[in-house]
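Engineer: Okay, so here is coords.txt, and as you'll see once you scroll down, it has compact mmCIF, C-alpha atoms.
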```
# COMPACT_ATOMS: atom_id res chain seq x y z
CA ARG A 1 -70.32 -2.35 -28.11
CA LYS A 2 -70.17 -5.90 -29.48
CA ASP A 3 -69.67 -4.60 -33.02
CA MET A 4 -66.88 -2.31 -31.85
CA PHE A 5 -65.22 -5.17 -29.94
CA GLU A 6 -65.33 -7.47 -32.97
CA GLU A 7 -64.17 -4.61 -35.24
CA VAL A 8 -67.16 -4.96 -37.57
CA LEU A 9 -66.86 -1.34 -38.74
CA LYS A 10 -63.14 -1.73 -39.32
CA PHE A 11 -63.47 -4.79 -41.55
CA GLY A 12 -66.51 -3.31 -43.28
CA SER A 13 -64.37 -0.34 -44.27
CA TYR A 14 -61.77 -2.76 -45.67
CA ILE A 15 -64.45 -4.27 -47.93
CA VAL A 16 -65.49 -0.83 -49.19
CA GLU A 17 -61.87 0.22 -49.74
CA ASN A 18 -61.10 -2.87 -51.81
CA LEU A 19 -64.30 -2.60 -53.83
CA THR A 20 -63.41 0.95 -54.84
CA GLN A 21 -60.13 -0.33 -56.30
CA TYR A 22 -61.38 -3.60 -57.80
CA ASN A 23 -61.48 -3.71 -61.61
CA GLN A 24 -63.35 -6.94 -62.39
CA PRO A 25 -67.15 -7.48 -62.48
CA VAL A 26 -68.83 -7.76 -59.09
CA PHE A 27 -72.42 -9.03 -58.77
CA VAL A 28 -74.38 -8.66 -55.54
CA TYR A 29 -77.43 -10.92 -55.34
CA ILE A 30 -80.03 -10.87 -52.56
CA PRO A 31 -81.42 -14.44 -52.50
CA PRO A 32 -85.02 -15.50 -51.71
CA HIS A 33 -86.43 -14.25 -48.39
CA ALA A 34 -83.10 -12.57 -47.53
CA GLU A 35 -82.81 -8.99 -46.29
CA VAL A 36 -80.01 -6.44 -46.58
CA ARG A 37 -80.21 -3.69 -43.96
CA GLY A 38 -78.27 -0.80 -42.51
CA GLY A 39 -74.50 -1.13 -42.49
CA ALA A 40 -74.60 -4.27 -44.63
CA TRP A 41 -76.20 -2.28 -47.45
CA VAL A 42 -73.56 0.43 -47.19
CA VAL A 43 -70.78 -2.13 -47.61
CA ILE A 44 -72.18 -3.68 -50.82
CA ASP A 45 -73.92 -0.68 -52.40
CA PRO A 46 -73.11 -0.59 -56.16
CA MET A 47 -72.55 3.17 -55.85
CA ILE A 48 -69.20 2.30 -54.25
CA ASN A 49 -67.93 1.46 -57.72
CA PRO A 50 -70.74 1.71 -60.30
CA ARG A 51 -68.44 0.84 -63.20
CA ILE A 52 -67.94 -2.73 -62.01
CA MET A 53 -70.62 -3.41 -59.37
CA GLU A 54 -74.21 -4.47 -60.02
CA MET A 55 -76.93 -5.50 -57.57
CA TYR A 56 -79.77 -7.95 -58.18
CA ALA A 57 -82.50 -9.44 -56.01
CA ASP A 58 -84.96 -12.31 -55.98
CA SER A 59 -88.64 -11.38 -56.07
CA SER A 60 -89.05 -12.29 -52.38
CA ALA A 61 -85.97 -10.45 -51.13
CA ARG A 62 -86.00 -7.21 -49.17
CA GLY A 63 -83.60 -4.31 -48.84
CA GLY A 64 -83.41 -0.96 -47.08
CA VAL A 65 -81.67 0.98 -44.35
CA LEU A 66 -84.30 0.31 -41.65
CA GLU A 67 -86.69 -2.57 -41.13
CA PRO A 68 -90.40 -1.82 -41.78
CA ALA A 69 -91.19 -1.76 -38.05
CA GLY A 70 -88.52 0.89 -37.46
CA ILE A 71 -89.74 3.08 -40.32
CA ALA A 72 -93.34 2.75 -39.14
CA GLU A 73 -92.38 3.94 -35.65
CA ILE A 74 -90.86 7.08 -37.19
CA LYS A 75 -93.25 7.83 -40.05
CA PHE A 76 -96.56 6.33 -38.90
CA ARG A 77 -96.90 7.05 -35.20
CA ARG A 78 -99.96 6.85 -33.02
CA ALA A 79 -101.26 10.29 -34.06
CA GLU A 80 -101.19 9.28 -37.73
CA LEU A 81 -102.86 5.97 -36.90
CA VAL A 82 -105.68 7.74 -35.07
CA LYS A 83 -106.22 10.09 -38.01
CA THR A 84 -106.43 7.09 -40.31
CA MET A 85 -108.97 5.44 -38.03
CA HIS A 86 -111.19 8.50 -38.03
CA ARG A 87 -110.94 8.74 -41.80
CA LEU A 88 -111.81 5.10 -42.48
CA ASP A 89 -113.87 3.70 -39.60
CA PRO A 90 -117.65 4.37 -39.86
CA GLN A 91 -118.19 3.81 -36.14
CA LEU A 92 -115.64 6.45 -35.18
CA GLN A 93 -117.13 8.87 -37.69
CA TRP A 94 -120.58 8.37 -36.14
CA MET A 95 -119.19 8.76 -32.62
CA LYS A 96 -117.44 11.99 -33.58
CA MET A 97 -120.65 13.41 -35.07
CA ASN A 98 -122.56 12.60 -31.88
CA ALA A 99 -119.89 13.72 -29.42
CA ALA A 100 -121.12 17.33 -29.26
CA PRO A 101 -124.71 16.54 -28.17
CA GLY A 102 -123.35 14.40 -25.36
CA VAL A 103 -124.51 11.07 -26.77
CA VAL A 104 -120.90 9.88 -26.97
CA THR A 105 -118.15 10.78 -24.53
CA LYS A 106 -114.44 11.26 -25.23
CA GLU A 107 -113.80 8.13 -23.17
CA ASP A 108 -116.01 6.11 -25.53
CA ILE A 109 -114.04 7.39 -28.53
CA SER A 110 -110.71 6.64 -26.85
CA GLN A 111 -111.88 3.15 -25.96
CA HIS A 112 -112.89 2.42 -29.54
CA GLU A 113 -109.57 3.79 -30.81
CA ALA A 114 -107.78 1.40 -28.45
CA GLU A 115 -109.86 -1.49 -29.77
CA LEU A 116 -108.92 -0.62 -33.35
CA MET A 117 -105.22 -0.06 -32.68
CA PRO A 118 -104.12 -3.74 -33.03
CA ALA A 119 -105.76 -3.85 -36.46
CA TYR A 120 -104.33 -0.53 -37.68
CA ALA A 121 -100.78 -0.75 -36.28
CA PRO A 122 -99.58 -3.29 -38.91
CA ILE A 123 -100.73 -0.99 -41.73
CA GLY A 124 -97.69 1.25 -41.32
CA GLU A 125 -95.35 -1.73 -41.34
CA LEU A 126 -96.99 -3.15 -44.45
CA PHE A 127 -96.74 0.20 -46.23
CA ALA A 128 -93.06 0.51 -45.28
CA ASP A 129 -92.44 -3.06 -46.45
CA LEU A 130 -93.77 -2.15 -49.90
CA HIS A 131 -90.83 0.25 -50.26
CA ASP A 132 -88.33 -2.54 -49.50
CA ARG A 133 -89.54 -4.94 -52.19
CA PRO A 134 -87.54 -5.65 -55.35
CA ASP A 135 -89.99 -3.91 -57.70
CA ARG A 136 -89.61 -0.68 -55.75
CA MET A 137 -85.83 -1.10 -55.51
CA LEU A 138 -85.76 -1.54 -59.29
CA ALA A 139 -87.90 1.58 -59.80
CA LYS A 140 -85.52 3.60 -57.61
CA GLY A 141 -82.50 2.27 -59.48
CA VAL A 142 -80.78 0.61 -56.52
CA ILE A 143 -80.85 -2.80 -58.20
CA ARG A 144 -80.31 -3.57 -61.87
CA LYS A 145 -82.86 -6.35 -62.29
CA VAL A 146 -85.17 -8.72 -60.41
CA VAL A 147 -83.74 -12.20 -60.98
CA PRO A 148 -85.75 -15.21 -59.76
CA TRP A 149 -83.71 -17.80 -57.89
CA THR A 150 -84.58 -20.48 -60.46
CA ASN A 151 -82.97 -18.41 -63.24
CA ALA A 152 -80.05 -17.00 -61.25
CA ARG A 153 -77.33 -19.41 -62.38
CA THR A 154 -78.15 -18.99 -66.08
CA HIS A 155 -78.55 -15.23 -65.78
CA PHE A 156 -75.23 -14.65 -64.05
CA TYR A 157 -73.37 -17.03 -66.38
CA TRP A 158 -74.31 -15.01 -69.45
CA ARG A 159 -74.06 -11.71 -67.63
CA LEU A 160 -70.51 -12.47 -66.52
CA ARG A 161 -69.48 -13.58 -70.00
CA ARG A 162 -70.84 -10.36 -71.43
CA ARG A 163 -69.18 -8.15 -68.83
CA LEU A 164 -65.80 -9.84 -69.29
CA ASP A 165 -66.04 -9.30 -73.05
CA GLU A 166 -67.10 -5.68 -72.57
CA LEU A 167 -64.38 -4.72 -70.10
CA PRO A 168 -61.65 -3.98 -72.69
CA LEU A 169 -64.11 -1.81 -74.62
CA GLN A 170 -65.25 -0.10 -71.43
CA ARG A 171 -61.66 0.76 -70.54
CA ARG A 172 -61.11 2.04 -74.06
CA VAL A 173 -64.06 4.40 -73.63
CA GLU A 174 -62.92 5.51 -70.17
CA GLY A 175 -59.46 6.21 -71.56
CA ARG A 176 -60.87 8.49 -74.27
CA ALA A 177 -63.56 10.09 -72.08
CA PRO A 178 -62.70 9.75 -68.36
CA GLN A 179 -65.52 12.12 -67.37
CA MET A 180 -68.23 9.90 -68.88
CA SER A 181 -70.57 8.32 -66.32
CA ALA A 182 -71.02 4.55 -65.99
CA ALA A 183 -74.53 4.77 -67.46
CA ASP A 184 -73.27 6.74 -70.47
CA VAL A 185 -70.45 4.26 -71.01
CA GLU A 186 -72.98 1.43 -71.07
CA ARG A 187 -75.10 3.26 -73.65
CA VAL A 188 -72.04 3.90 -75.81
CA LEU A 189 -71.09 0.21 -75.71
CA CYS A 190 -74.60 -0.78 -76.81
CA GLU A 191 -74.51 1.69 -79.70
CA ALA A 192 -71.09 0.43 -80.78
CA LEU A 193 -72.25 -3.19 -80.79
CA VAL A 194 -75.10 -2.24 -83.10
CA ALA A 195 -72.95 -0.09 -85.39
CA GLY A 196 -69.74 -2.13 -85.42
CA ALA A 197 -70.67 -5.72 -84.59
CA GLY A 198 -73.99 -6.14 -86.36
CA LEU A 199 -76.00 -6.74 -83.19
CA GLY A 200 -79.70 -6.04 -83.56
CA PRO A 201 -80.92 -3.02 -81.57
CA ALA A 202 -83.56 -5.20 -79.91
CA HIS A 203 -80.85 -7.48 -78.47
CA VAL A 204 -78.54 -4.97 -76.75
CA HIS A 205 -80.02 -5.89 -73.35
CA ASP A 206 -79.95 -9.66 -73.99
CA ASP A 207 -76.75 -10.81 -72.26
CA ARG A 208 -76.67 -14.14 -74.06
CA ARG A 209 -77.05 -12.60 -77.51
CA VAL A 210 -74.36 -10.03 -76.73
CA ALA A 211 -71.95 -12.69 -75.43
CA GLU A 212 -72.55 -14.80 -78.54
CA CYS A 213 -72.04 -11.71 -80.69
CA PHE A 214 -68.59 -11.19 -79.14
CA GLU A 215 -67.77 -14.86 -79.68
CA GLU A 216 -68.70 -14.67 -83.37
CA LEU A 217 -67.02 -11.30 -83.92
CA THR A 218 -64.42 -11.41 -86.71
CA ASP A 219 -63.66 -7.73 -87.32
CA VAL A 220 -62.55 -6.24 -84.00
CA ASP A 221 -61.11 -3.18 -85.74
CA ALA A 222 -64.55 -2.26 -87.10
CA LEU A 223 -66.00 -2.42 -83.59
CA HIS A 224 -63.19 -0.26 -82.20
CA ALA A 225 -63.65 2.27 -84.99
CA ALA A 226 -67.41 2.48 -84.34
CA LEU A 227 -66.77 2.82 -80.62
CA ASP A 228 -64.21 5.61 -81.06
CA LYS A 229 -66.53 7.48 -83.44
CA ILE A 230 -69.45 7.36 -81.00
CA VAL A 231 -67.26 8.51 -78.10
CA ASP A 232 -65.85 11.41 -80.13
CA GLU A 233 -69.36 12.46 -81.15
CA ARG A 234 -70.46 12.41 -77.51
CA LYS A 235 -67.46 14.49 -76.48
CA SER A 236 -68.02 17.09 -79.20
CA ALA A 237 -71.70 17.36 -78.29
CA VAL A 238 -70.91 18.31 -74.68
```
Can you present the structure in this file as structure tokens?

Structural biologist:
Amino acid sequence: RKDMFEEVLKFGSYIVENLTQYNQPVFVYIPPHAEVRGGAWVVIDPMINPRIMEMYADSSARGGVLEPAGIAEIKFRRAELVKTMHRLDPQLQWMKMNAAPGVVTKEDISQHEAELMPAYAPIGELFADLHDRPDRMLAKGVIRKVVPWTNARTHFYWRLRRRLDELPLQRRVEGRAPQMSAADVERVLCEALVAGAGLGPAHVHDDRRVAECFEELTDVDALHAALDKIVDERKSAV
């Protein structure tokens, strides 16, 4: 009700609408110990405009739709916790083996399960938290790179310089091949820099080297020619 009163959804939709139309580089960075959840993630998801948006995170950041406790309540309920106890706890295994002869009663087993519950309940939350960590986000492709806070300023300086230099080339590619995905456009740009600008293949992912390559570039026509050739080859191969 509070969100509706303060028009949070309304202004969130304005952010999404403007991001879809924006045509300059946008970097989203999750700083140390910060979390992006639920509706906040939807508003800044790079999939809104993958051609200009990129997301990064510090190694201690977290991100996901639900918090670990909420996921654990859905995916790792009491029944799953009890199964885990019986699989891992030697005392419960012994009690289960001796339940039939009458040495151990069901009440004894239930009591021991209750004693173990405080120790086992956080397991589900910890497991869910592993899925919200930057390494997992990187593996799933929802962030571009894990950037430590200490290196953030330098990283984004060179990244922005590179992206601003690449934008005219990116638009040139999109004009010749509008159906090409953002990932394919990026690969084409890297190939063109190697073929037409003399950049070493090992440096195509080094933002500083690429930015310096643009700065030192003297023959723009050669780069454009290499770019057009690669795009035409991609189009003919489809």

Engineer: How many Å separate CA of Ala197 in chain A from CA of His224 in chain A?

Structural biologist: 9.6 Å

Engineer: Could you give me, as a list in words, the residues that sit within 12 Å of (-92.7, 0.6, -36.4) in the file's coordinates, counting all atoms listed in the file?

Structural biologist: Leu66, Glu67, Pro68, Ala69, Gly70, Ile71, Ala72, Glu73, Ile74, Lys75, Phe76, Arg77, Arg78, Leu81, Tyr120, Ala121, Pro122, Ile123, Gly124, Glu125, Leu126, Phe127, Ala128 and Asp129 of chain A

Engineer: Using all atoms listed in the file, find the one residue out of A:Ala99, A:Met117, A:Leu92, A:Asn151 that sits nearest to Ala79 in chain A.

Structural biologist: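 Answer, going by the shortest atom-to-atom distance: A:Met117.
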
Engineer: Any idea what's packed within 12 Å of Pro168 in chain A, counting all atoms listed in the file, ignoring anything in its chain fewer than 3 positions away? Could you give it as a list in words?

Structural biologist: Asn23, Gln24, Arg162, Arg163, Leu164, Asp165, Arg171, Arg172, Val173, Glu174, Gly175, Leu189, Phe214, Val220, Leu223, His224 and Leu227 of chain A

Engineer: Please provide the set of residues having any atom within 10 Å of Pro134 in chain A, restricted to all atoms listed in the file, with same-chain residues fewer than 3 positions apart removed, written as a ChimeraX atom specification.

Structural biologist: /A:30,56-63,130-131,137-140,142-147

Engineer: As an exercise, work out the distance from CA of Ala222 in chain A to CA of Val194 in chain A in Å and give it to one decimal place.

Structural biologist: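 CA of Ala222 in chain A sits 11.3 Å away from CA of Val194 in chain A.
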
Engineer: Do you know which residues are at most 7 Å from Gly64 in chain A counting all atoms listed in the file, after dropping those on the same chain fewer than 5 positions away, and could you put them as a ChimeraX atom specification?

Structural biologist: /A:36-38,132

Engineer: Show me, as a ChimeraX atom specification, the residues that have an atom within 12 Å of Met53 in chain A when counting only C-alpha atoms, minus same-chain residues fewer than 4 positions from it.

Structural biologist: /A:16,19-29,43-49,142-144,160,163,182

Engineer: Given only C-alpha atoms as the basis, pick out the residue of A:Ile52, A:Val82, A:Leu116, A:Ala183 nearest to Leu167 in chain A.

Structural biologist: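 Closest residue, counting only C-alpha atoms: A:Ile52.
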
Engineer: Please compute the CA of Glu233 in chain A-CA of Val204 in chain A distance, one decimal, in Å.

Structural biologist: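 Going from CA of Glu233 in chain A over to CA of Val204 in chain A, I get 20.2 Å.
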
Engineer: Could you write out as AutoDock Vina command-line options the box around range 79-94 of chain A (axis-aligned, all atoms listed in the file, 5 Å on each side), with centre and edge lengths in Å to one decimal?

Structural biologist:
```
--center_x -110.9 --center_y 7.0 --center_z -38.3 --size_x 29.4 --size_y 16.6 --size_z 18.4
```

Engineer: Quick one: everything within 10 Å of range 190-192 of chain A, counting only C-alpha atoms, minus sequence neighbours fewer than 6 positions away in the same chain. Send it as a PyMOL selection string.

Structural biologist: chain A and resi 166+169+184+198-201+203-205+210+222-231

Engineer: Which residue is closest to Glu186 in chain A? Choose from A:Pro50, A:Glu80, A:Val104, A:Ala202 and count all atoms listed in the file.

Structural biologist: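 For Glu186 in chain A, the nearest of the given residues is A:Pro50.
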
Engineer: Which one is closest to Met95 in chain A: A:Tyr14, A:Arg153, A:Gln179, A:Ile109? Count only C-alpha atoms.

Structural biologist: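 Using only C-alpha atoms, Met95 in chain A sits closest to A:Ile109.
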